[in-house]
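Input: a single structure, listed below in C-alpha cells.
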Amino acid sequence: MLTSRKELDAELGGGARAWLDEALAEAAHDAATEEALRSGASPYTSPPWELRYAAAGRHCGQEHADSVRSLLLIEARAPLSSVTRLYEQGTAAERRAVLLTLHLLDLGDTALPLVEDALRTNDTRLVAAAVGPYAADHLDAHAWRHAVLKCLFTEVPVAAVAQLESRARGDAELARMLDDFAAERTAAGRPVPEDLRTVLGHALALPAPADEGGH
C-alpha cells in the first residue's frame with residue numbers, strides 16, 4: 001500500500017527525509033526542464049532522479065521503498081521512456097513500484113505492455129500490482145478476464161483486482177471461464193479457491209442497468 005509524503009515524513013528519520021527532499025527536487029527539476037526534450041530523448045539515457053529510484057530502499061528502508069519510488073515517478077511526471085526503462089532494468093521490487101504508480105501518471109494506454117509482461121510472470125508480487133487501477137481502466141475484456149484467471153492460478157487474492165465487481169458483473173464469458181477452471185480443479189482432485197466463487201458470484205449477477213439520464 002502506498003503512503004503519502006506527509007505520512008512518510010512522519011515515519012522517516014532525519015537523514016532519510018533529507019535524502020527524499022533532494023531526490024524529489026531532482027525529479028521536479030527534470031520534469032520542469034526536460035519535458036520539451038523528452039519526445040526526442042534516447043530511451044537509454046537516464047536522468048539523475050532514476051538513480052535515486054533504484055536507491056530508495058537503501059536510503060529510506062525497504063518498507064517505504066514503494067511509496068518513495070511512486071512519489072519520484074509522480075514528481076518527475078515520468079514519461080513512458082522512463083517507466084519502461086525502470087521496469088525493464090529494475091529488480092522485482094522496482095518493477096512493482098512502477099506498476100503500482102501507472103494509474104497516477106499521464107500515460108494513457110501506452111504502458112499496457114508492462115502490465116502484460118507482469119501478468120506473464122509467476123511472481124505474485126508483480127501479478128498483484130499489475131491488476132490495479134491502471135489495468136482496470138485500460139485492459140480490454142479478453143485480457144482482463146485472463147488477468148483474473150491468472151490471480152486464481154497464482155493464488156493472488158482477488159481483492160487485489162481493482163474494480164472487480166463492476167467489471168465482472170454480468171460477464172457471461174468470464175463465468176464460463178471460471179466454470180471451466182473449477183471443473184479442471186475438481187477433476188484433478190484439487191480444491192476450488194473460495195476467491196473463484198466470489199468472482200463467479202459477480203459474473204453471474206445481473207448487469208448494472210444502463211444509465212438513462214437519471215429517469
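Letters A, B, ... go to the chains of the C-alpha cells in the order shown; residues in each chain start at 1; ligands are counted from 1 in the same order.
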
* Close residues, Gln163 (chain A) itself excluded, 10 Å, only C-alpha atoms, min 2 positions apart in chain, as number ranges by chain -> A: 131-133, 135-137, 159-161, 165-168

Written selection (N, CA and C atoms) as an mmCIF file, in the first residue's frame:
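Okay, this is what ended up in result_3.cif:
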```cif
data_model
loop_
_atom_site.group_PDB
_atom_site.id
_atom_site.type_symbol
_atom_site.label_atom_id
_atom_site.label_comp_id
_atom_site.auth_asym_id
_atom_site.auth_seq_id
_atom_site.Cartn_x
_atom_site.Cartn_y
_atom_site.Cartn_z
ATOM 1 N N VAL A 131 -2.725 -5.851 -11.521
ATOM 2 C CA VAL A 131 -4.188 -5.863 -11.663
ATOM 3 C C VAL A 131 -4.834 -4.707 -10.906
ATOM 4 N N GLY A 132 -4.075 -3.638 -10.715
ATOM 5 C CA GLY A 132 -4.583 -2.470 -10.019
ATOM 6 C C GLY A 132 -5.413 -1.564 -10.913
ATOM 7 N N PRO A 133 -5.571 -0.297 -10.525
ATOM 8 C CA PRO A 133 -6.450 0.622 -11.256
ATOM 9 C C PRO A 133 -6.073 0.831 -12.719
ATOM 10 N N ALA A 135 -4.796 -1.341 -14.862
ATOM 11 C CA ALA A 135 -5.321 -2.473 -15.631
ATOM 12 C C ALA A 135 -6.834 -2.390 -15.743
ATOM 13 N N ALA A 136 -7.496 -2.011 -14.661
ATOM 14 C CA ALA A 136 -8.954 -1.908 -14.690
ATOM 15 C C ALA A 136 -9.410 -0.882 -15.718
ATOM 16 N N ASP A 137 -8.639 0.189 -15.871
ATOM 17 C CA ASP A 137 -9.019 1.251 -16.797
ATOM 18 C C ASP A 137 -8.653 0.952 -18.249
ATOM 19 N N ALA A 159 -8.921 -9.677 -4.092
ATOM 20 C CA ALA A 159 -9.076 -8.337 -3.520
ATOM 21 C C ALA A 159 -8.098 -7.353 -4.161
ATOM 22 N N ALA A 160 -7.018 -7.865 -4.759
ATOM 23 C CA ALA A 160 -6.044 -7.003 -5.425
ATOM 24 C C ALA A 160 -6.564 -6.460 -6.750
ATOM 25 N N VAL A 161 -7.597 -7.077 -7.311
ATOM 26 C CA VAL A 161 -8.108 -6.700 -8.631
ATOM 27 C C VAL A 161 -8.985 -5.459 -8.501
ATOM 28 N N GLU A 165 -15.758 -6.001 -8.984
ATOM 29 C CA GLU A 165 -17.203 -6.227 -9.017
ATOM 30 C C GLU A 165 -17.842 -5.585 -10.237
ATOM 31 N N SER A 166 -17.460 -4.342 -10.541
ATOM 32 C CA SER A 166 -18.103 -3.643 -11.651
ATOM 33 C C SER A 166 -17.701 -4.228 -13.002
ATOM 34 N N ARG A 167 -16.440 -4.652 -13.148
ATOM 35 C CA ARG A 167 -16.020 -5.209 -14.428
ATOM 36 C C ARG A 167 -16.507 -6.638 -14.622
ATOM 37 N N ALA A 168 -16.639 -7.388 -13.536
ATOM 38 C CA ALA A 168 -17.060 -8.789 -13.662
ATOM 39 C C ALA A 168 -18.575 -8.933 -13.780
#
```

* Using backbone DSSP assignments, extract all helix (DSSP H, G or I) residues from chain A; output them as a VMD selection string. => chain A and resid 5 to 11 14 to 40 48 to 60 62 to 75 80 to 89 92 to 104 112 to 120 124 to 130 133 to 138 141 to 154 158 to 160 164 to 168 172 to 187 194 to 204

* To do: List the neighbours of region 69-85 of chain A out to 8 Å using only C-alpha atoms; skip same-chain residues closer than 2 positions along the sequence, and give me the result as a PyMOL selection string.
  => chain A and resi 2+5+23-24+27-31+38+43-44+46+49-50+53+56+65-67+87-90+94+97-98+100-101+104-107+110-111+114

So that I have them on file, write out the residues from the current selection with N, CA, C and O atoms, as a tab-separated table (two decimals), in the first residue's frame.
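The resulting file, again.tsv, is reproduced below:
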```tsv
chain	number	residue	atom	x	y	z
A	2	LEU	N	0.55	2.20	-0.87
A	2	LEU	CA	1.35	3.41	-0.96
A	2	LEU	C	0.95	4.40	0.13
A	2	LEU	O	-0.23	4.53	0.48
A	5	ARG	N	3.30	11.58	1.10
A	5	ARG	CA	4.52	12.28	1.52
A	5	ARG	C	4.43	12.67	2.99
A	5	ARG	O	5.40	12.54	3.75
A	23	ALA	N	15.92	14.05	-3.54
A	23	ALA	CA	15.50	13.20	-4.66
A	23	ALA	C	14.28	13.77	-5.36
A	23	ALA	O	14.22	13.82	-6.61
A	24	LEU	N	13.31	14.22	-4.59
A	24	LEU	CA	12.09	14.79	-5.19
A	24	LEU	C	12.40	16.11	-5.89
A	24	LEU	O	11.79	16.42	-6.93
A	27	ALA	N	13.76	15.21	-9.22
A	27	ALA	CA	12.70	14.75	-10.10
A	27	ALA	C	11.88	15.92	-10.61
A	27	ALA	O	11.53	15.99	-11.80
A	28	ALA	N	11.55	16.87	-9.73
A	28	ALA	CA	10.77	18.04	-10.14
A	28	ALA	C	11.54	18.89	-11.12
A	28	ALA	O	10.98	19.41	-12.10
A	29	HIS	N	12.84	19.03	-10.90
A	29	HIS	CA	13.68	19.80	-11.82
A	29	HIS	C	13.69	19.15	-13.20
A	29	HIS	O	13.59	19.83	-14.23
A	30	ASP	N	13.80	17.85	-13.23
A	30	ASP	CA	13.80	17.15	-14.52
A	30	ASP	C	12.47	17.35	-15.23
A	30	ASP	O	12.44	17.60	-16.43
A	31	ALA	N	11.38	17.28	-14.48
A	31	ALA	CA	10.06	17.46	-15.09
A	31	ALA	C	9.92	18.86	-15.67
A	31	ALA	O	9.33	19.05	-16.74
A	38	ARG	N	11.78	15.55	-24.16
A	38	ARG	CA	11.56	14.12	-23.94
A	38	ARG	C	11.17	13.38	-25.21
A	38	ARG	O	11.50	12.22	-25.37
A	43	PRO	N	15.82	6.35	-25.26
A	43	PRO	CA	15.27	5.53	-24.18
A	43	PRO	C	16.34	4.94	-23.28
A	43	PRO	O	16.04	4.35	-22.26
A	44	TYR	N	17.61	5.10	-23.67
A	44	TYR	CA	18.71	4.54	-22.88
A	44	TYR	C	19.42	5.60	-22.04
A	44	TYR	O	20.38	5.31	-21.35
A	46	SER	N	19.42	7.97	-18.93
A	46	SER	CA	18.71	8.06	-17.65
A	46	SER	C	18.94	9.41	-16.99
A	46	SER	O	20.09	9.82	-16.80
A	49	TRP	N	17.43	11.52	-11.42
A	49	TRP	CA	16.48	11.04	-10.41
A	49	TRP	C	16.25	9.54	-10.52
A	49	TRP	O	15.86	8.90	-9.53
A	50	GLU	N	16.48	8.94	-11.69
A	50	GLU	CA	16.27	7.50	-11.83
A	50	GLU	C	17.26	6.70	-10.98
A	50	GLU	O	16.97	5.60	-10.54
A	53	TYR	N	15.76	6.47	-7.70
A	53	TYR	CA	14.69	5.46	-7.71
A	53	TYR	C	15.23	4.11	-7.27
A	53	TYR	O	14.65	3.43	-6.41
A	56	ALA	N	16.15	3.89	-3.43
A	56	ALA	CA	15.14	4.28	-2.43
A	56	ALA	C	15.13	3.37	-1.21
A	56	ALA	O	15.03	3.84	-0.08
A	65	ALA	N	10.00	1.77	0.39
A	65	ALA	CA	10.55	1.94	-0.95
A	65	ALA	C	9.47	2.13	-2.02
A	65	ALA	O	9.61	2.97	-2.91
A	66	ASP	N	8.39	1.36	-1.96
A	66	ASP	CA	7.33	1.51	-2.96
A	66	ASP	C	6.80	2.94	-2.98
A	66	ASP	O	6.63	3.55	-4.04
A	67	SER	N	6.53	3.48	-1.80
A	67	SER	CA	5.95	4.82	-1.71
A	67	SER	C	6.93	5.88	-2.18
A	67	SER	O	6.54	6.83	-2.88
A	87	TYR	N	11.27	-0.25	-15.36
A	87	TYR	CA	10.65	-1.57	-15.25
A	87	TYR	C	11.59	-2.64	-15.84
A	87	TYR	O	11.87	-3.66	-15.19
A	88	GLU	N	12.07	-2.41	-17.04
A	88	GLU	CA	12.86	-3.45	-17.72
A	88	GLU	C	14.21	-3.69	-17.05
A	88	GLU	O	14.71	-4.82	-17.05
A	89	GLN	N	14.80	-2.65	-16.48
A	89	GLN	CA	16.13	-2.78	-15.88
A	89	GLN	C	16.07	-2.99	-14.37
A	89	GLN	O	17.10	-3.22	-13.74
A	90	GLY	N	14.89	-2.92	-13.79
A	90	GLY	CA	14.77	-2.93	-12.34
A	90	GLY	C	14.65	-4.31	-11.74
A	90	GLY	O	14.41	-5.31	-12.41
A	94	GLU	N	11.47	-2.89	-7.77
A	94	GLU	CA	11.41	-1.67	-8.57
A	94	GLU	C	10.33	-1.78	-9.64
A	94	GLU	O	9.64	-0.80	-9.94
A	97	ALA	N	6.87	-1.17	-7.99
A	97	ALA	CA	6.57	0.23	-7.75
A	97	ALA	C	6.10	0.93	-9.02
A	97	ALA	O	5.21	1.79	-8.99
A	98	VAL	N	6.70	0.59	-10.15
A	98	VAL	CA	6.23	1.13	-11.43
A	98	VAL	C	4.77	0.76	-11.66
A	98	VAL	O	3.92	1.61	-11.95
A	100	LEU	N	2.48	-0.12	-9.56
A	100	LEU	CA	1.58	0.48	-8.58
A	100	LEU	C	1.29	1.95	-8.88
A	100	LEU	O	0.30	2.50	-8.37
A	101	THR	N	2.14	2.57	-9.69
A	101	THR	CA	2.03	4.02	-9.93
A	101	THR	C	1.45	4.36	-11.29
A	101	THR	O	1.11	5.51	-11.55
A	104	LEU	N	-1.37	6.79	-11.83
A	104	LEU	CA	-1.17	8.15	-11.36
A	104	LEU	C	-0.33	8.97	-12.33
A	104	LEU	O	-0.04	10.15	-12.07
A	105	LEU	N	0.05	8.38	-13.45
A	105	LEU	CA	0.85	9.05	-14.47
A	105	LEU	C	0.01	9.28	-15.72
A	105	LEU	O	-0.96	8.57	-15.98
A	106	ASP	N	0.39	10.25	-16.49
A	106	ASP	CA	-0.37	10.62	-17.69
A	106	ASP	C	0.16	9.84	-18.90
A	106	ASP	O	0.84	10.39	-19.76
A	107	LEU	N	-0.17	8.55	-18.93
A	107	LEU	CA	0.39	7.68	-19.96
A	107	LEU	C	-0.65	7.08	-20.89
A	107	LEU	O	-0.30	6.38	-21.84
A	110	THR	N	-0.47	3.56	-23.08
A	110	THR	CA	0.84	3.24	-23.67
A	110	THR	C	1.68	2.32	-22.80
A	110	THR	O	2.63	1.69	-23.29
A	111	ALA	N	1.38	2.23	-21.50
A	111	ALA	CA	2.17	1.37	-20.61
A	111	ALA	C	1.58	-0.03	-20.46
A	111	ALA	O	2.07	-0.83	-19.65
A	114	LEU	N	3.80	-3.20	-20.12
A	114	LEU	CA	4.41	-3.51	-18.83
A	114	LEU	C	3.46	-4.35	-17.99
A	114	LEU	O	3.88	-5.31	-17.33
```

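Checking A:Leu139, A:Val158, A:Ala118, A:Met1 one by one against Thr198 (chain A), counting only C-alpha atoms, you find the shortest gap at A:Val158.
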
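Using only C-alpha atoms, the contacts of Leu20 (chain A) at a cut-off of 8 Å, with sequence neighbours closer than 4 positions omitted, comprise Ala16, Leu24, Cys60 and Val68 of chain A.
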
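Our summary of the geometry notes that CA of Leu196 (chain A) is positioned 19.9 Å from CA of Arg120 (chain A).
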
* **Spatial neighbours of Phe153 (chain A), 12 Å, only C-alpha atoms, chain gap at least 6 places, as a count of residues only** => 18

* Between CA of Gln62 (chain A) and CA of Ala25 (chain A), measure the distance and give it in Å to one decimal. =>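 According to the coordinates, CA of Gln62 (chain A) and CA of Ala25 (chain A) are separated by 21.2 Å.
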
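Take the candidates A:Ala93, A:Gly108, A:Lys150, A:Ala128 and check each one against Met177 (chain A) using only C-alpha atoms; the shortest distance goes to A:Lys150.
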